[in-house]
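Next comes model_32.cif, a file with mmCIF, C-alpha atoms and all ligand atoms.
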data_start
#
loop_
_atom_site.label_atom_id
_atom_site.label_comp_id
_atom_site.auth_asym_id
_atom_site.auth_seq_id
_atom_site.Cartn_x
_atom_site.Cartn_y
_atom_site.Cartn_z
CA MET Z 1 134.88 92.02 94.81
CA LYS Z 2 138.44 93.39 94.79
CA SER Z 3 139.31 94.10 98.39
CA THR Z 4 142.10 96.65 97.90
CA PHE Z 5 142.29 100.05 96.24
CA MET Z 6 145.49 101.78 95.22
CA ILE Z 7 145.30 105.40 96.40
CA GLY Z 8 147.33 107.77 94.24
CA GLY Z 9 148.79 104.79 92.38
CA ASP Z 10 151.12 103.78 95.22
CA LEU Z 11 149.14 103.30 98.47
CA PRO Z 12 147.34 99.96 98.55
CA VAL Z 13 144.57 100.02 101.16
CA PHE Z 14 142.01 97.45 102.28
CA ARG Z 15 138.67 98.87 101.16
CA MET Z 16 137.21 98.47 104.66
CA GLY Z 17 138.92 101.22 106.60
CA TYR Z 18 137.97 102.85 109.87
CA GLY Z 19 136.71 106.35 110.68
CA ALA Z 20 138.12 107.38 114.05
CA MET Z 21 136.03 110.53 114.63
CA ARG Z 22 133.85 109.00 117.31
CA LEU Z 23 136.87 108.32 119.53
CA CYS Z 24 136.47 111.81 121.00
CA GLY Z 25 134.68 113.43 123.89
CA GLN Z 26 130.95 113.93 123.43
CA PRO Z 27 128.91 115.87 122.56
CA GLY Z 28 130.32 117.36 119.41
CA ASN Z 29 133.45 115.16 119.11
CA PHE Z 30 135.11 117.65 121.43
CA GLY Z 31 137.79 116.82 123.97
CA PRO Z 32 139.64 113.54 124.55
CA TYR Z 33 137.85 110.20 124.30
CA PRO Z 34 136.99 109.44 127.95
CA GLU Z 35 137.80 105.72 127.63
CA TRP Z 36 141.26 106.40 126.19
CA GLU Z 37 142.71 102.91 126.80
CA SER Z 38 139.75 101.05 125.31
CA GLY Z 39 139.85 103.44 122.34
CA LYS Z 40 143.48 102.47 121.79
CA GLU Z 41 142.54 98.79 122.04
CA LEU Z 42 139.84 99.28 119.43
CA LEU Z 43 142.33 100.91 117.03
CA ARG Z 44 144.81 98.07 117.55
CA ARG Z 45 142.07 95.51 117.05
CA ALA Z 46 141.11 97.18 113.77
CA VAL Z 47 144.68 96.82 112.52
CA GLU Z 48 144.78 93.19 113.68
CA LEU Z 49 141.63 92.56 111.65
CA GLY Z 50 143.34 93.88 108.53
CA VAL Z 51 142.22 97.51 108.54
CA ASN Z 52 145.06 99.65 107.18
CA PHE Z 53 143.28 102.90 106.34
CA ILE Z 54 142.26 105.17 109.23
CA ASP Z 55 140.53 108.51 108.77
CA THR Z 56 140.83 111.40 111.20
CA ALA Z 57 140.94 115.23 111.06
CA HIS Z 58 142.37 118.19 112.94
CA PRO Z 59 139.02 119.33 114.43
CA TYR Z 60 138.18 115.90 115.92
CA GLY Z 61 139.00 116.64 119.51
CA PRO Z 62 140.47 118.98 118.18
CA GLY Z 63 143.77 117.19 117.98
CA PHE Z 64 142.92 114.52 120.55
CA ASN Z 65 141.71 112.11 117.87
CA GLU Z 66 145.05 112.23 116.09
CA GLU Z 67 146.77 111.78 119.45
CA ILE Z 68 144.85 108.62 120.39
CA ILE Z 69 145.72 107.16 116.98
CA SER Z 70 149.45 107.77 117.38
CA ASP Z 71 149.32 106.68 121.02
CA ALA Z 72 147.80 103.36 119.89
CA LEU Z 73 149.62 102.72 116.64
CA ALA Z 74 152.87 104.69 116.25
CA PRO Z 75 155.33 103.63 115.02
CA TYR Z 76 152.90 102.44 112.37
CA SER Z 77 153.25 98.95 110.98
CA GLY Z 78 154.14 98.85 107.30
CA GLY Z 79 151.19 99.62 105.11
CA THR Z 80 149.07 101.42 107.71
CA VAL Z 81 147.81 104.66 106.20
CA VAL Z 82 146.49 107.35 108.52
CA THR Z 83 144.77 110.08 106.58
CA THR Z 84 143.89 113.41 108.16
CA LYS Z 85 142.32 116.69 107.11
CA GLY Z 86 142.92 120.37 107.58
CA GLY Z 87 140.75 123.37 106.84
CA VAL Z 88 138.20 123.24 109.64
CA GLU Z 89 138.62 124.66 113.13
CA LYS Z 90 136.57 123.74 116.20
CA THR Z 91 136.70 125.90 119.31
CA ALA Z 92 133.72 124.42 121.19
CA PRO Z 93 131.42 121.43 120.63
CA ASP Z 94 129.07 123.61 118.59
CA LYS Z 95 131.58 126.14 117.17
CA VAL Z 96 132.97 124.73 113.94
CA PHE Z 97 134.08 126.84 111.01
CA ALA Z 98 136.05 126.50 107.79
CA ASP Z 99 139.52 128.02 107.71
CA GLY Z 100 141.16 127.43 104.36
CA LYS Z 101 143.69 130.23 104.44
CA PRO Z 102 147.04 128.98 103.13
CA GLU Z 103 148.85 129.96 106.34
CA SER Z 104 146.23 128.14 108.43
CA LEU Z 105 146.52 125.01 106.30
CA ARG Z 106 150.30 125.03 106.76
CA ARG Z 107 149.80 125.36 110.52
CA PHE Z 108 147.16 122.60 110.65
CA CYS Z 109 149.42 120.29 108.67
CA GLU Z 110 152.45 120.88 110.92
CA ALA Z 111 150.31 120.21 114.00
CA SER Z 112 148.93 116.99 112.48
CA LEU Z 113 152.43 115.78 111.58
CA ARG Z 114 153.51 116.34 115.17
CA ARG Z 115 150.45 114.72 116.77
CA LEU Z 116 150.47 111.72 114.42
CA ARG Z 117 154.25 111.37 114.86
CA LEU Z 118 154.82 111.26 111.11
CA ASP Z 119 157.43 112.82 108.83
CA ARG Z 120 154.97 112.87 105.99
CA ILE Z 121 151.19 112.41 105.80
CA ASP Z 122 150.26 109.87 103.13
CA LEU Z 123 146.93 111.48 102.26
CA TYR Z 124 146.05 114.99 103.41
CA GLN Z 125 142.54 116.19 102.71
CA LEU Z 126 141.12 119.69 102.49
CA HIS Z 127 138.27 119.23 104.98
CA LYS Z 128 135.91 121.77 103.49
CA PRO Z 129 136.10 124.67 101.03
CA ASP Z 130 136.18 128.01 102.85
CA SER Z 131 133.82 130.48 101.19
CA ALA Z 132 136.00 133.35 102.46
CA VAL Z 133 139.12 132.07 100.66
CA PRO Z 134 139.44 131.43 96.91
CA PHE Z 135 139.31 127.66 96.52
CA CYS Z 136 142.39 127.68 94.28
CA GLU Z 137 144.41 129.28 97.11
CA SER Z 138 143.50 126.52 99.58
CA VAL Z 139 144.28 123.81 97.04
CA GLY Z 140 147.48 125.66 96.08
CA ALA Z 141 148.59 125.50 99.71
CA LEU Z 142 148.13 121.72 99.69
CA ALA Z 143 150.08 121.49 96.43
CA GLU Z 144 152.93 123.38 98.12
CA LEU Z 145 152.84 121.05 101.12
CA ARG Z 146 153.10 118.17 98.68
CA ASP Z 147 156.05 119.77 96.88
CA ALA Z 148 157.72 120.34 100.27
CA GLY Z 149 157.38 116.62 101.12
CA LYS Z 150 155.06 117.22 104.08
CA ILE Z 151 152.27 115.26 102.44
CA ARG Z 152 152.30 112.57 99.80
CA HIS Z 153 148.85 112.87 98.21
CA VAL Z 154 146.10 115.47 98.20
CA GLY Z 155 142.44 114.70 98.87
CA LEU Z 156 139.31 116.84 99.04
CA SER Z 157 136.21 116.68 101.21
CA ASN Z 158 132.74 118.19 100.98
CA VAL Z 159 133.26 119.34 97.42
CA SER Z 160 131.27 119.64 94.21
CA LEU Z 161 132.25 118.16 90.87
CA ALA Z 162 133.21 121.63 89.63
CA GLN Z 163 135.55 122.06 92.61
CA ILE Z 164 137.16 118.67 92.00
CA CYS Z 165 137.86 119.70 88.39
CA GLU Z 166 139.20 123.09 89.51
CA ALA Z 167 141.56 121.39 91.97
CA GLU Z 168 142.75 118.90 89.38
CA ALA Z 169 144.10 121.77 87.32
CA ILE Z 170 146.40 122.59 90.28
CA VAL Z 171 147.41 119.23 91.75
CA PRO Z 172 146.51 115.55 91.28
CA VAL Z 173 143.45 114.78 93.39
CA CYS Z 174 143.72 111.31 94.91
CA SER Z 175 140.57 111.12 97.05
CA VAL Z 176 137.17 112.70 97.56
CA GLN Z 177 135.30 112.39 100.87
CA ASN Z 178 131.63 113.40 100.70
CA ARG Z 179 128.48 112.23 102.44
CA TYR Z 180 127.03 109.23 100.62
CA ASN Z 181 125.22 106.10 101.73
CA PHE Z 182 122.50 103.65 100.71
CA GLU Z 183 119.78 106.23 101.28
CA GLU Z 184 121.61 109.39 100.24
CA ARG Z 185 122.90 109.01 96.72
CA GLY Z 186 123.02 112.61 95.58
CA ASP Z 187 126.73 112.21 94.91
CA ASP Z 188 126.21 109.51 92.26
CA PRO Z 189 127.75 111.63 89.48
CA ILE Z 190 130.85 112.27 91.64
CA VAL Z 191 131.20 108.56 92.48
CA ASP Z 192 131.09 107.79 88.75
CA TYR Z 193 133.60 110.55 88.00
CA CYS Z 194 136.00 109.25 90.67
CA GLU Z 195 135.73 105.74 89.29
CA ARG Z 196 136.58 106.98 85.78
CA LYS Z 197 139.55 108.97 87.08
CA GLY Z 198 140.93 106.36 89.52
CA ILE Z 199 140.23 108.67 92.49
CA ALA Z 200 139.37 107.02 95.81
CA TYR Z 201 135.86 107.92 96.96
CA LEU Z 202 135.52 107.83 100.77
CA PRO Z 203 131.84 108.13 101.68
CA TRP Z 204 131.35 109.66 105.09
CA GLY Z 205 128.29 108.64 107.09
CA PRO Z 206 128.20 105.26 105.30
CA LEU Z 207 125.84 103.90 107.97
CA ALA Z 208 123.97 107.11 108.58
CA ALA Z 209 120.84 106.08 106.77
CA LYS Z 210 117.53 106.12 108.63
CA PRO Z 211 117.27 102.41 109.42
CA PHE Z 212 120.27 102.79 111.69
CA ALA Z 213 118.54 105.00 114.21
CA PRO Z 214 118.77 103.22 117.59
CA GLU Z 215 114.98 103.19 117.85
CA ALA Z 216 114.80 100.94 114.77
CA PRO Z 217 116.81 97.82 115.65
CA LEU Z 218 118.37 96.49 112.52
CA THR Z 219 117.89 92.79 112.75
CA GLU Z 220 114.37 92.50 114.12
CA ASP Z 221 111.81 90.77 111.95
CA SER Z 222 109.72 93.92 112.13
CA ASP Z 223 112.37 95.82 110.14
CA THR Z 224 111.08 95.72 106.61
CA SER Z 225 113.72 97.97 105.06
CA ARG Z 226 115.29 96.50 101.94
CA LEU Z 227 118.64 96.33 103.73
CA ALA Z 228 117.18 94.28 106.58
CA MET Z 229 115.22 91.99 104.27
CA VAL Z 230 118.27 91.21 102.13
CA GLY Z 231 120.30 90.84 105.34
CA ARG Z 232 117.90 88.29 106.77
CA ARG Z 233 118.12 86.28 103.56
CA ILE Z 234 121.93 86.15 103.58
CA GLY Z 235 122.49 86.02 107.32
CA ALA Z 236 123.85 89.55 107.73
CA THR Z 237 122.78 92.68 109.58
CA ALA Z 238 121.27 95.58 107.68
CA GLY Z 239 124.42 97.58 108.48
CA GLN Z 240 126.60 94.95 106.88
CA VAL Z 241 124.40 94.94 103.78
CA ALA Z 242 124.65 98.75 103.60
CA LEU Z 243 128.45 98.53 103.66
CA ALA Z 244 128.59 95.63 101.19
CA TRP Z 245 126.26 97.57 98.87
CA LEU Z 246 128.67 100.52 98.93
CA LEU Z 247 131.62 98.29 98.08
CA GLU Z 248 129.63 96.91 95.14
CA ARG Z 249 128.50 100.39 94.08
CA SER Z 250 131.94 101.27 92.76
CA SER Z 251 135.41 99.80 92.81
CA CYS Z 252 136.76 103.24 93.80
CA ILE Z 253 134.87 103.28 97.12
CA VAL Z 254 136.96 102.85 100.26
CA LEU Z 255 134.86 102.75 103.43
CA ILE Z 256 135.55 104.47 106.74
CA PRO Z 257 132.66 103.44 109.01
CA GLY Z 258 133.00 104.78 112.54
CA THR Z 259 132.36 102.77 115.66
CA THR Z 260 133.29 102.69 119.32
CA SER Z 261 132.11 99.08 119.63
CA PRO Z 262 134.39 96.06 119.15
CA LYS Z 263 131.35 94.03 118.06
CA HIS Z 264 130.40 96.55 115.38
CA LEU Z 265 134.03 96.82 114.29
CA MET Z 266 134.10 93.06 113.68
CA GLU Z 267 130.75 93.18 111.84
CA ASN Z 268 131.98 96.00 109.64
CA VAL Z 269 135.20 94.20 108.71
CA GLN Z 270 133.23 91.04 107.96
CA ALA Z 271 130.96 93.04 105.64
CA ALA Z 272 133.89 93.32 103.22
CA SER Z 273 133.58 89.58 102.55
CA LEU Z 274 129.82 89.56 102.01
CA GLU Z 275 128.79 88.49 98.54
CA LEU Z 276 125.66 90.19 97.24
CA SER Z 277 124.01 88.22 94.45
CA ARG Z 278 122.54 89.79 91.34
CA GLU Z 279 119.12 89.24 92.91
CA ASP Z 280 120.18 90.99 96.14
CA LEU Z 281 121.56 93.96 94.20
CA ALA Z 282 118.44 94.21 92.03
CA GLU Z 283 116.31 94.33 95.16
CA LEU Z 284 118.54 96.93 96.80
CA ASN Z 285 118.69 99.10 93.68
CA ALA Z 286 114.97 98.90 92.87
CA VAL Z 287 113.39 102.34 92.62
CA GLY Z 288 110.60 103.19 95.09
N1 LIG X 1 134.58 114.82 105.89
C1 LIG X 1 133.62 115.10 106.73
O1 LIG X 1 133.08 116.22 106.76
C2 LIG X 1 133.17 114.03 107.69
C3 LIG X 1 132.01 114.21 108.47
C4 LIG X 1 131.63 113.17 109.33
C5 LIG X 1 132.39 112.03 109.41
N2 LIG X 1 133.53 111.90 108.65
C6 LIG X 1 134.35 110.67 108.69
O2 LIG X 1 133.54 109.56 108.37
C7 LIG X 1 133.63 108.57 109.40
C8 LIG X 1 132.31 107.85 109.54
O3 LIG X 1 131.28 108.78 109.77
P1 LIG X 1 130.24 108.67 110.97
O4 LIG X 1 130.88 108.06 112.17
O5 LIG X 1 129.60 110.00 111.11
O6 LIG X 1 129.10 107.76 110.40
P2 LIG X 1 128.88 106.20 110.22
O7 LIG X 1 130.16 105.48 110.13
O8 LIG X 1 127.92 106.07 109.09
O9 LIG X 1 128.07 105.81 111.50
C9 LIG X 1 128.61 105.65 112.75
C10 LIG X 1 127.45 105.26 113.67
O10 LIG X 1 127.01 103.96 113.30
C11 LIG X 1 127.14 103.08 114.42
N3 LIG X 1 127.65 101.82 113.87
C12 LIG X 1 128.90 101.56 113.39
N4 LIG X 1 128.98 100.28 112.97
C13 LIG X 1 127.76 99.74 113.17
C14 LIG X 1 127.23 98.46 112.96
N5 LIG X 1 127.96 97.47 112.44
N6 LIG X 1 125.92 98.24 113.29
C15 LIG X 1 125.17 99.21 113.83
N7 LIG X 1 125.62 100.45 114.06
C16 LIG X 1 126.90 100.71 113.75
C17 LIG X 1 128.09 103.73 115.39
O11 LIG X 1 127.75 103.46 116.72
P3 LIG X 1 128.67 102.50 117.66
O12 LIG X 1 129.82 103.33 118.12
O13 LIG X 1 127.74 102.10 118.74
O14 LIG X 1 129.09 101.35 116.80
C18 LIG X 1 127.85 105.22 115.11
O15 LIG X 1 126.73 105.68 115.85
C19 LIG X 1 134.05 109.37 110.65
O16 LIG X 1 134.70 108.57 111.60
C20 LIG X 1 134.98 110.39 110.05
O17 LIG X 1 136.27 109.81 109.91
C21 LIG X 1 133.92 112.88 107.81
#
Step by step, read the file and then write its structure as structure tokens.
Ligand SMILES: NC(=O)c1ccc[n+]([C@@H]2O[C@H](COP(=O)([O-])OP(=O)(O)OC[C@H]3O[C@@H](n4cnc5c(N)ncnc54)[C@H](OP(=O)(O)O)[C@@H]3O)[C@@H](O)[C@H]2O)c1
Amino acid sequence: MKSTFMIGGDLPVFRMGYGAMRLCGQPGNFGPYPEWESGKELLRRAVELGVNFIDTAHPYGPGFNEEIISDALAPYSGGTVVTTKGGVEKTAPDKVFADGKPESLRRFCEASLRRLRLDRIDLYQLHKPDSAVPFCESVGALAELRDAGKIRHVGLSNVSLAQICEAEAIVPVCSVQNRYNFEERGDDPIVDYCERKGIAYLPWGPLAAKPFAPEAPLTEDSDTSRLAMVGRRIGATAGQVALAWLLERSSCIVLIPGTTSPKHLMENVQAASLELSREDLAELNAVG
């Protein structure tokens, strides 16, 4: 399994990245992460383990998530890519709304540059289409930010195939971030499209499948999910098998699992080296 992906043709990233969203106050990923110093340690540990692709967004915190990343990692070591998103505003734990107006996107981007302590954001993603704003206007704003040198590459999130194609007519699209995991494969046509076009596909919620509910411990013998059964055979947790399955699913997939646990971080990084045999994959892909 190739372990790196070249985003936009010039950003090589290890395909096991890290999603930082959970390093925020709870509930609702609102406010600063209460264990700020251990959150910074976790981010530094991720980089030590080889992670060089970290996903965040303006509304995580809002803002605090970008701040803990820069507090831990700036000035960034060569090759570390921090990707963020604009286009969603959060004013309370349960008050989240799309804002894709061009002037808002410019403001979000400037704030992210400042908080991340960057001169240019390597990959800036439109977080979500705003039904109140023509999609082409939101994408056009990102194209202008790219032309102005504020961002290097444009990505999209929570989009349909038709929207990806519409955006591609305006600006090169270098990544797509939609919900996709072992149990939720509705995005299969988009994964295949991204693979054909050399676009990075960043599945969010890669571990969000049902077997990961805390009430269903992953490694117990009683867990008869296909992920757990394959995991037991190869000496891995069901979570690791879920991540390894995603990496096998397509060479364009770059993972951003989120964790606040050093143990889970290590397990997730190790999942990038798991080899799934043809037999394992057949069992995991069996219908029914
Ligand atoms: N674009 C969007 O709209 C959008 C939406 C949601 C998320 N995202 C991005 O996607 C990233 C990942 O999403 P996510 O955090 O919602 O889902 P996820 O990565 O699928 O799941 C995270 C959950 O799994 C647990 N976990 C992590 N590693 C584990 C392991 N090895 N074994 C068992 N449990 C494990 C974590 O708990 P512990 O902390 O206990 O490990 C946490 O509860 C986010 O950080 C964010 O960057 C984007």
Residue neighbourhood range 156-163 of chain Z, 10 Å, all atoms listed in the file, exclusion window fewer than 3 positions, as a VMD selection string: chain Z and resid 85 to 87 123 to 129 135 to 136 139 166 to 168 173 to 179 187 189 to 191 193 to 194 201 to 204
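Nearest residue to Ile256 in chain Z, choosing from Z:Pro32, Z:Gly19, Z:Gly205, Z:Pro59 and counting all atoms listed in the file: Z:Gly19.
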May I ask for the distance between CA of Asp122 in chain Z and CA of Ala200 in chain Z, given in Å to one decimal place? 13.4 Å
One-decimal distance in Å that lies between atom O17 of ligand LIG 1 (chain X) and CA of Val88 in chain Z: 13.6 Å
List all protein, DNA and RNA residues that have any atom at most 7 Å from ligand LIG 1 (chain X), counting all atoms listed in the file, and write the list as a ChimeraX atom specification. /Z:18-22,55-56,127,157-158,177-178,204-208,212,239-240,256-261,264-265,267-268
Counting only C-alpha atoms, closest pick from Z:Arg226, Z:Lys2, Z:Lys263, Z:Arg45 relative to Phe182 in chain Z is Z:Arg226
Which one is closest to Glu137 in chain Z: Z:Val171, Z:Leu49, Z:Met6, Z:Leu118? Count only C-alpha atoms.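 Of Z:Val171, Z:Leu49, Z:Met6, Z:Leu118, the one nearest Glu137 in chain Z, counting only C-alpha atoms, is Z:Val171.
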List as JSON, numbers by chain the protein and nucleic acid residues near range 70-73 of chain Z, meaning an atom at most 9 Å away when all atoms listed in the file are counted, but skip any in the same chain fewer than 5 places from it. {"Z": [37, 39, 40, 41, 42, 43, 44, 47, 65, 115, 116, 117, 118]}
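The interatomic distance for the pair CA of Asp147 in chain Z and CA of Pro134 in chain Z works out to 20.3 Å.
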Among listed residues Z:Gly28, Z:Gly155, Z:Leu23, Z:Glu275, nearest Gly8 in chain Z (using only C-alpha atoms): Z:Gly155
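In terms of minimum interatomic distance to Tyr76 in chain Z, Z:Ile54 ranks closest within Z:Trp245, Z:Arg185, Z:Ile54, Z:Ala169, counting only C-alpha atoms.
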Spatial neighbours of Lys150 in chain Z, 9 Å, only C-alpha atoms, chain gap at least 2 places, as a PDB file with C-alpha atoms, keeping the file's coordinate frame:
ATOM      1  CA  CYS Z 109     149.420 120.290 108.670  1.00  0.00           C
ATOM      2  CA  GLU Z 110     152.450 120.880 110.920  1.00  0.00           C
ATOM      3  CA  LEU Z 113     152.430 115.780 111.580  1.00  0.00           C
ATOM      4  CA  ASP Z 119     157.430 112.820 108.830  1.00  0.00           C
ATOM      5  CA  ARG Z 120     154.970 112.870 105.990  1.00  0.00           C
ATOM      6  CA  ILE Z 121     151.190 112.410 105.800  1.00  0.00           C
ATOM      7  CA  ASP Z 122     150.260 109.870 103.130  1.00  0.00           C
ATOM      8  CA  GLU Z 144     152.930 123.380  98.120  1.00  0.00           C
ATOM      9  CA  LEU Z 145     152.840 121.050 101.120  1.00  0.00           C
ATOM     10  CA  ARG Z 146     153.100 118.170  98.680  1.00  0.00           C
ATOM     11  CA  ASP Z 147     156.050 119.770  96.880  1.00  0.00           C
ATOM     12  CA  ALA Z 148     157.720 120.340 100.270  1.00  0.00           C
ATOM     13  CA  ARG Z 152     152.300 112.570  99.800  1.00  0.00           C
TER      14      ARG Z 152
END
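Here the question is which of Z:Val287, Z:Ala271, Z:Val254, Z:Val230 gets nearest to Asn52 in chain Z using all atoms listed in the file, and that residue is Z:Val254.
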